[in-house]
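Here's target-v4.cif, which has mmCIF, C-alpha atoms:
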data_protein
loop_
_atom_site.label_atom_id
_atom_site.label_comp_id
_atom_site.auth_asym_id
_atom_site.auth_seq_id
_atom_site.Cartn_x
_atom_site.Cartn_y
_atom_site.Cartn_z
CA MET J 279 176.60 -17.24 302.64
CA THR J 280 177.81 -14.02 304.25
CA LYS J 281 175.87 -13.46 307.45
CA LEU J 282 177.56 -10.31 308.79
CA SER J 283 179.56 -7.51 307.16
CA LEU J 284 181.82 -5.58 309.55
CA ILE J 285 182.61 -2.14 308.10
CA ILE J 286 185.78 -0.37 309.28
CA PRO J 287 186.61 3.11 307.88
CA ILE J 288 190.33 3.91 307.93
CA TYR J 289 191.73 7.42 308.24
CA LYS J 290 194.80 8.58 310.21
CA VAL J 291 194.91 5.67 312.66
CA GLU J 292 198.51 4.47 312.47
CA ASN J 293 198.64 4.26 316.28
CA TYR J 294 195.51 2.13 316.55
CA ILE J 295 194.80 0.14 313.39
CA ILE J 296 196.77 -2.98 314.35
CA GLU J 297 195.15 -3.21 317.77
CA CYS J 298 191.75 -2.80 316.10
CA LEU J 299 192.48 -5.51 313.53
CA GLU J 300 193.91 -7.88 316.14
CA SER J 301 190.61 -7.70 318.00
CA VAL J 302 188.77 -8.62 314.80
CA CYS J 303 191.05 -11.17 313.16
CA CYS J 304 191.30 -13.43 316.20
CA GLN J 305 187.58 -14.16 315.85
CA LEU J 306 187.16 -14.53 312.09
CA VAL J 307 184.56 -17.20 311.35
CA GLU J 308 182.79 -18.42 308.25
CA GLY J 309 179.99 -16.03 307.33
CA LEU J 310 181.84 -12.89 308.45
CA GLU J 311 183.32 -10.44 305.97
CA VAL J 312 185.45 -7.47 307.02
CA ILE J 313 185.28 -4.40 304.81
CA LEU J 314 188.20 -1.98 305.19
CA VAL J 315 187.47 1.38 303.58
CA ASN J 316 190.53 3.55 303.06
CA ASP J 317 188.99 7.02 303.14
CA GLY J 318 191.92 8.71 301.43
CA THR J 319 194.12 8.51 304.50
CA PRO J 320 197.34 10.52 304.07
CA ASP J 321 199.32 8.26 306.41
CA SER J 322 200.25 4.56 306.27
CA SER J 323 197.18 3.21 308.07
CA MET J 324 195.82 1.23 305.11
CA LEU J 325 199.26 -0.06 304.15
CA MET J 326 199.74 -1.26 307.71
CA ALA J 327 196.37 -3.00 307.62
CA ARG J 328 197.11 -4.78 304.33
CA LYS J 329 200.56 -5.86 305.56
CA TYR J 330 199.22 -7.16 308.86
CA ILE J 331 196.50 -9.23 307.17
CA SER J 332 198.77 -10.59 304.42
CA GLU J 333 201.42 -11.65 306.93
CA LYS J 334 199.22 -13.09 309.67
CA TYR J 335 195.91 -13.98 308.04
CA ASP J 336 196.73 -14.62 304.39
CA HIS J 337 194.80 -17.91 304.56
CA LEU J 338 191.66 -15.91 305.40
CA VAL J 339 192.24 -12.99 303.04
CA ASN J 340 189.10 -13.91 301.06
CA GLN J 341 187.07 -12.74 304.05
CA PHE J 342 188.44 -9.20 303.65
CA VAL J 343 187.33 -6.52 301.21
CA PHE J 344 189.79 -3.66 300.62
CA ILE J 345 188.40 -0.40 299.24
CA ASP J 346 190.31 2.78 298.43
CA GLN J 347 188.45 6.03 297.84
CA GLU J 348 188.97 9.77 297.93
CA ASN J 349 188.27 11.30 301.31
CA GLN J 350 184.55 11.59 302.06
CA GLY J 351 184.68 11.53 305.83
CA LEU J 352 183.45 8.84 308.22
CA SER J 353 179.93 8.92 306.77
CA GLY J 354 181.13 8.52 303.20
CA ALA J 355 183.33 5.57 304.17
CA ARG J 356 180.47 3.86 305.96
CA ASN J 357 178.12 4.46 303.02
CA THR J 358 180.65 2.89 300.65
CA GLY J 359 180.97 -0.11 302.95
CA ILE J 360 177.20 -0.54 303.05
CA GLN J 361 176.98 -0.45 299.25
CA GLU J 362 179.67 -3.13 298.91
CA ALA J 363 178.49 -5.34 301.78
CA LYS J 364 177.32 -8.86 300.95
CA GLY J 365 176.12 -9.66 304.46
CA LYS J 366 172.50 -9.95 305.51
CA TYR J 367 173.48 -7.89 308.55
CA LEU J 368 175.82 -4.93 309.04
CA MET J 369 178.01 -3.81 311.90
CA PHE J 370 180.28 -0.77 312.18
CA LEU J 371 183.61 -0.48 313.97
CA ASP J 372 185.72 2.67 314.15
CA SER J 373 189.36 1.90 313.47
CA ASP J 374 190.56 3.18 316.86
CA ASP J 375 188.09 0.97 318.74
CA ILE J 376 188.18 -2.77 319.49
CA LEU J 377 185.88 -5.77 319.62
CA GLU J 378 185.65 -7.82 322.78
CA GLU J 379 186.92 -11.41 322.52
CA GLU J 380 183.57 -13.19 322.12
CA CYS J 381 181.79 -10.42 320.24
CA VAL J 382 181.36 -12.25 316.93
CA SER J 383 180.39 -15.62 318.43
CA LYS J 384 177.75 -13.98 320.63
CA ILE J 385 176.30 -12.02 317.71
CA PHE J 386 176.23 -15.08 315.46
CA LYS J 387 174.45 -17.09 318.17
CA ILE J 388 171.79 -14.39 318.43
CA LEU J 389 171.36 -14.32 314.64
CA GLU J 390 171.12 -18.10 314.45
CA GLU J 391 168.34 -18.21 317.03
CA ASN J 392 166.43 -15.02 316.15
CA GLU J 393 165.13 -13.17 313.11
CA VAL J 394 165.60 -9.52 314.11
CA ASP J 395 166.03 -6.08 312.58
CA LEU J 396 168.46 -4.87 315.24
CA ILE J 397 170.75 -6.15 317.95
CA GLN J 398 171.76 -3.65 320.63
CA PHE J 399 174.57 -4.47 323.06
CA LYS J 400 176.74 -2.52 325.47
CA ALA J 401 180.15 -0.92 325.07
CA TYR J 402 182.70 0.33 327.56
CA ARG J 403 184.95 3.37 327.29
CA PHE J 404 188.71 3.30 327.71
CA LYS J 405 191.68 5.63 327.32
CA ASP J 406 195.21 5.02 326.05
CA SER J 407 196.57 6.02 329.44
CA SER J 408 194.49 3.47 331.37
CA LYS J 409 193.34 -0.14 331.10
CA GLU J 410 190.20 0.69 333.05
CA LYS J 411 186.93 -0.23 331.32
CA VAL J 412 184.42 2.50 332.09
CA ASN J 413 180.70 1.86 331.82
CA PHE J 414 179.06 4.91 330.28
CA MET J 415 175.60 3.66 329.39
CA PRO J 416 172.73 2.15 331.37
CA ASP J 417 171.70 -1.48 331.20
CA SER J 418 168.67 -2.14 329.05
CA PRO J 419 165.58 -3.03 331.11
CA PHE J 420 164.58 -5.23 328.17
CA ASN J 421 166.03 -8.65 327.49
CA GLY J 422 166.32 -10.79 324.40
CA ASN J 423 164.10 -10.57 321.32
CA CYS J 424 161.46 -7.84 321.66
CA LEU J 425 158.90 -6.24 319.41
CA ILE J 426 159.67 -2.53 319.28
CA ASN J 427 156.92 -0.76 321.18
CA ASP J 428 156.26 2.52 322.97
CA ASP J 429 158.26 1.57 326.07
CA ILE J 430 161.30 0.51 324.05
CA LEU J 431 161.29 3.67 321.95
CA LYS J 432 160.99 5.80 325.10
CA PHE J 433 164.01 4.02 326.59
CA VAL J 434 166.13 4.28 323.44
CA PHE J 435 165.34 7.94 322.76
CA ASN J 436 165.74 8.91 326.40
CA THR J 437 169.20 7.32 326.70
CA SER J 438 170.11 8.94 323.37
CA ASN J 439 173.06 6.63 322.62
CA TRP J 440 172.96 6.91 318.83
CA PHE J 441 176.46 5.52 318.16
CA SER J 442 176.24 3.41 315.01
CA TRP J 443 178.78 0.92 316.40
CA LEU J 444 176.47 0.05 319.29
CA ARG J 445 174.27 -2.22 317.16
CA VAL J 446 173.97 -4.81 314.43
CA TYR J 447 171.56 -3.85 311.63
CA HIS J 448 169.59 -5.80 309.05
CA LYS J 449 170.92 -4.46 305.76
CA LYS J 450 167.42 -3.69 304.50
CA LEU J 451 167.26 -0.82 307.01
CA PHE J 452 169.80 1.10 304.91
CA LYS J 453 167.99 0.54 301.62
CA GLU J 454 166.70 4.10 301.64
CA ARG J 455 168.94 5.64 304.29
CA GLU J 456 172.57 6.65 304.48
CA PHE J 457 174.87 8.64 306.72
CA PRO J 458 175.07 12.38 305.91
CA ILE J 459 178.34 13.30 304.20
CA ARG J 460 180.79 15.51 306.11
CA LYS J 461 178.62 15.98 309.17
CA PHE J 462 179.72 15.56 312.77
CA TYR J 463 177.33 13.58 314.99
CA GLU J 464 176.40 11.68 311.83
CA ASP J 465 174.91 8.85 313.89
CA ALA J 466 172.30 11.16 315.41
CA TYR J 467 171.16 12.12 311.91
CA THR J 468 170.53 8.47 311.04
CA THR J 469 170.11 5.99 313.90
CA PRO J 470 166.84 7.39 315.38
CA PHE J 471 165.10 6.91 312.04
CA ILE J 472 166.53 3.40 311.74
CA PHE J 473 164.77 2.56 315.01
CA LEU J 474 161.50 3.97 313.75
CA ASP J 475 161.82 1.80 310.63
CA SER J 476 162.47 -1.37 312.65
CA LYS J 477 159.98 -3.93 313.91
CA ASN J 478 161.98 -5.91 316.45
CA ILE J 479 165.24 -5.78 318.37
CA PHE J 480 167.38 -8.10 320.47
CA PHE J 481 168.78 -6.48 323.61
CA SER J 482 171.98 -7.78 325.20
CA ASN J 483 173.68 -6.25 328.23
CA ASP J 484 176.98 -7.93 327.34
CA TYR J 485 179.95 -5.65 326.67
CA LEU J 486 180.89 -6.47 323.07
CA LEU J 487 182.94 -3.40 322.08
CA GLY J 488 185.53 -1.05 323.52
CA TYR J 489 185.20 2.63 322.63
CA ARG J 490 188.44 4.57 322.80
CA PHE J 491 187.86 7.99 324.31
CA ASN J 492 190.20 10.55 322.82
CA ASP J 493 189.98 14.00 324.39
CA GLN J 494 191.85 15.32 321.34
CA GLY J 495 189.29 13.84 318.97
CA ILE J 496 187.29 15.95 316.56
CA THR J 497 183.95 15.81 318.36
CA ALA J 498 185.65 16.42 321.73
CA LYS J 499 186.60 19.91 320.54
CA ILE J 500 184.15 22.78 320.30
CA THR J 501 184.37 24.45 316.90
CA ASP J 502 181.99 26.44 314.72
CA LYS J 503 181.50 23.33 312.58
CA THR J 504 180.68 20.96 315.46
CA LEU J 505 178.26 23.49 316.96
CA GLU J 506 176.58 24.05 313.60
CA ASP J 507 176.11 20.32 313.00
CA LEU J 508 174.83 19.78 316.53
CA ARG J 509 172.37 22.65 316.06
CA GLU J 510 171.16 20.99 312.85
CA VAL J 511 170.58 17.71 314.69
CA ALA J 512 168.56 19.57 317.32
CA GLU J 513 166.49 21.21 314.58
CA ILE J 514 165.79 17.84 312.92
CA PHE J 515 164.69 16.41 316.27
CA ALA J 516 162.51 19.46 316.97
CA ASP J 517 160.93 19.26 313.51
CA ASN J 518 160.02 15.62 314.08
CA THR J 519 158.52 15.93 317.56
CA GLY J 520 155.11 16.63 316.06
CA VAL J 521 155.16 13.31 314.19
CA TYR J 522 157.15 11.20 316.68
CA LYS J 523 156.83 12.26 320.32
CA TYR J 524 160.02 10.33 321.19
CA PHE J 525 162.29 12.98 319.63
CA SER J 526 161.43 15.37 322.46
CA LEU J 527 163.18 12.98 324.89
CA SER J 528 166.40 12.98 322.89
CA LEU J 529 166.17 16.70 322.15
CA ILE J 530 166.81 17.36 325.85
CA SER J 531 170.12 15.48 325.62
CA ILE J 532 171.13 17.34 322.47
#
Please re-express this file's structure in structure tokens.
Amino acid sequence: MTKLSLIIPIYKVENYIIECLESVCCQLVEGLEVILVNDGTPDSSMLMARKYISEKYDHLVNQFVFIDQENQGLSGARNTGIQEAKGKYLMFLDSDDILEEECVSKIFKILEENEVDLIQFKAYRFKDSSKEKVNFMPDSPFNGNCLINDDILKFVFNTSNWFSWLRVYHKKLFKEREFPIRKFYEDAYTTPFIFLDSKNIFFSNDYLLGYRFNDQGITAKITDKTLEDLREVAEIFADNTGVYKYFSLSLISI
């Protein structure tokens, strides 16, 4: 039985894909499938990924799913991965980021001992030019398996860390939801509503993922498109404040 599907979109990451895969492949266990979605990358990223896996992990190749599609952006690649996933739970990893060494074992232990909708952990930020691991998010004041209540929603919406890779999700939460195609800040369009659909969550303050900060990245640059998409997120949050008071907390951050 597949317990967890790890979805990794691939697009223009020749410099990072091997490091990303190394962080994943060294902790492959039964019950984990890794879905690599080639989002029409024009470079050799997907070829590099296939070669690396066939040469070093051919005996575990049945735990990988390789998908090639025309470019749909990060959201489209994630949506494809969700549709193909066989796991009861889903996790997302950007192909320039890395998993910490005990990430999978810690997640599997939580899933073995708890029936939850969400697991939220911590991530650190790092740059290519430095090995320093920078904490950029607060510790959760909540611990372990919790029913989602008013205090938890206030904390989550106030911290406004909507990164999809910051959590593990029960697949049922995406039954009627998907990431918006070709939108920047796609996580902010989706993750808040996932929380509102969820009944319980496991909080861990362990660092399970490394987020590579790239000051040349798309969302690090101010363009008409990024501003337009951010404005749309703010409008969605504003429109929902009348129904869910928590959106007003996150609207301030936006």
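Of the residues under consideration (J:Pro470, J:Glu333, J:Leu486, J:Phe435), J:Phe435 shows the shortest atom-to-atom contact distance to J:Ser531 when counting only C-alpha atoms.
Minimum atom-to-atom distance to J:Ile530, evaluated using only C-alpha atoms, belongs to J:Thr437 out of J:Tyr485, J:Thr437, J:Ile459, J:Tyr335.
Residue nearest J:Lys405 within the list J:Ala327, J:Val446, J:Lys384, J:Asn492: J:Asn492 [criterion: smallest interatomic distance, all atoms listed in the file].
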Proximity to J:Ser408 - best of J:Cys303, J:Arg490, J:Phe457, J:Phe471, all atoms listed in the file: J:Arg490
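For stretch 515-521 of chain J, the set of protein, DNA and RNA residues having any atom at most 10 Å away, when counting only C-alpha atoms and skipping those fewer than 6 positions along the same chain, is Ala466, Tyr467, Pro470, Arg509, Leu527, Ser528, Leu529, Ile530 and Ile532 of chain J.
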Tell me, in Å to one decimal, how far atom CA of J:Ile430 is from atom CA of J:Tyr489. 24.0 Å
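Of the listed residues J:His337, J:Lys449, J:Lys290, J:Lys477, the one whose atoms come nearest to J:Asp374 is J:Lys290, with distances taken using only C-alpha atoms.
The closest residue to J:Gln305, picked from J:Phe491, J:Phe452, J:Lys432, J:Val382 and counting only C-alpha atoms, is J:Val382.
Applied to this file, the PyMOL selection byres ((chain J and resi 317) around 10) selects the residues Pro287, Ile288, Tyr289, Lys290, Leu314, Val315, Asn316, Gly318, Thr319, Pro320, Met324, Ile345, Asp346, Gln347, Glu348, Asn349, Gln350, Gly351, Leu352, Ser353, Gly354, Ala355, Arg356 and Thr358 of chain J.
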Restricting it to C-alpha atoms, dump the selection as a PDB file, keeping the file's coordinate frame.
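Heads up, here's the output in again.pdb:
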ATOM      1  CA  PRO J 287     186.610   3.110 307.880  1.00  0.00           C
ATOM      2  CA  ILE J 288     190.330   3.910 307.930  1.00  0.00           C
ATOM      3  CA  TYR J 289     191.730   7.420 308.240  1.00  0.00           C
ATOM      4  CA  LYS J 290     194.800   8.580 310.210  1.00  0.00           C
ATOM      5  CA  LEU J 314     188.200  -1.980 305.190  1.00  0.00           C
ATOM      6  CA  VAL J 315     187.470   1.380 303.580  1.00  0.00           C
ATOM      7  CA  ASN J 316     190.530   3.550 303.060  1.00  0.00           C
ATOM      8  CA  GLY J 318     191.920   8.710 301.430  1.00  0.00           C
ATOM      9  CA  THR J 319     194.120   8.510 304.500  1.00  0.00           C
ATOM     10  CA  PRO J 320     197.340  10.520 304.070  1.00  0.00           C
ATOM     11  CA  MET J 324     195.820   1.230 305.110  1.00  0.00           C
ATOM     12  CA  ILE J 345     188.400  -0.400 299.240  1.00  0.00           C
ATOM     13  CA  ASP J 346     190.310   2.780 298.430  1.00  0.00           C
ATOM     14  CA  GLN J 347     188.450   6.030 297.840  1.00  0.00           C
ATOM     15  CA  GLU J 348     188.970   9.770 297.930  1.00  0.00           C
ATOM     16  CA  ASN J 349     188.270  11.300 301.310  1.00  0.00           C
ATOM     17  CA  GLN J 350     184.550  11.590 302.060  1.00  0.00           C
ATOM     18  CA  GLY J 351     184.680  11.530 305.830  1.00  0.00           C
ATOM     19  CA  LEU J 352     183.450   8.840 308.220  1.00  0.00           C
ATOM     20  CA  SER J 353     179.930   8.920 306.770  1.00  0.00           C
ATOM     21  CA  GLY J 354     181.130   8.520 303.200  1.00  0.00           C
ATOM     22  CA  ALA J 355     183.330   5.570 304.170  1.00  0.00           C
ATOM     23  CA  ARG J 356     180.470   3.860 305.960  1.00  0.00           C
ATOM     24  CA  THR J 358     180.650   2.890 300.650  1.00  0.00           C
TER      25      THR J 358
END
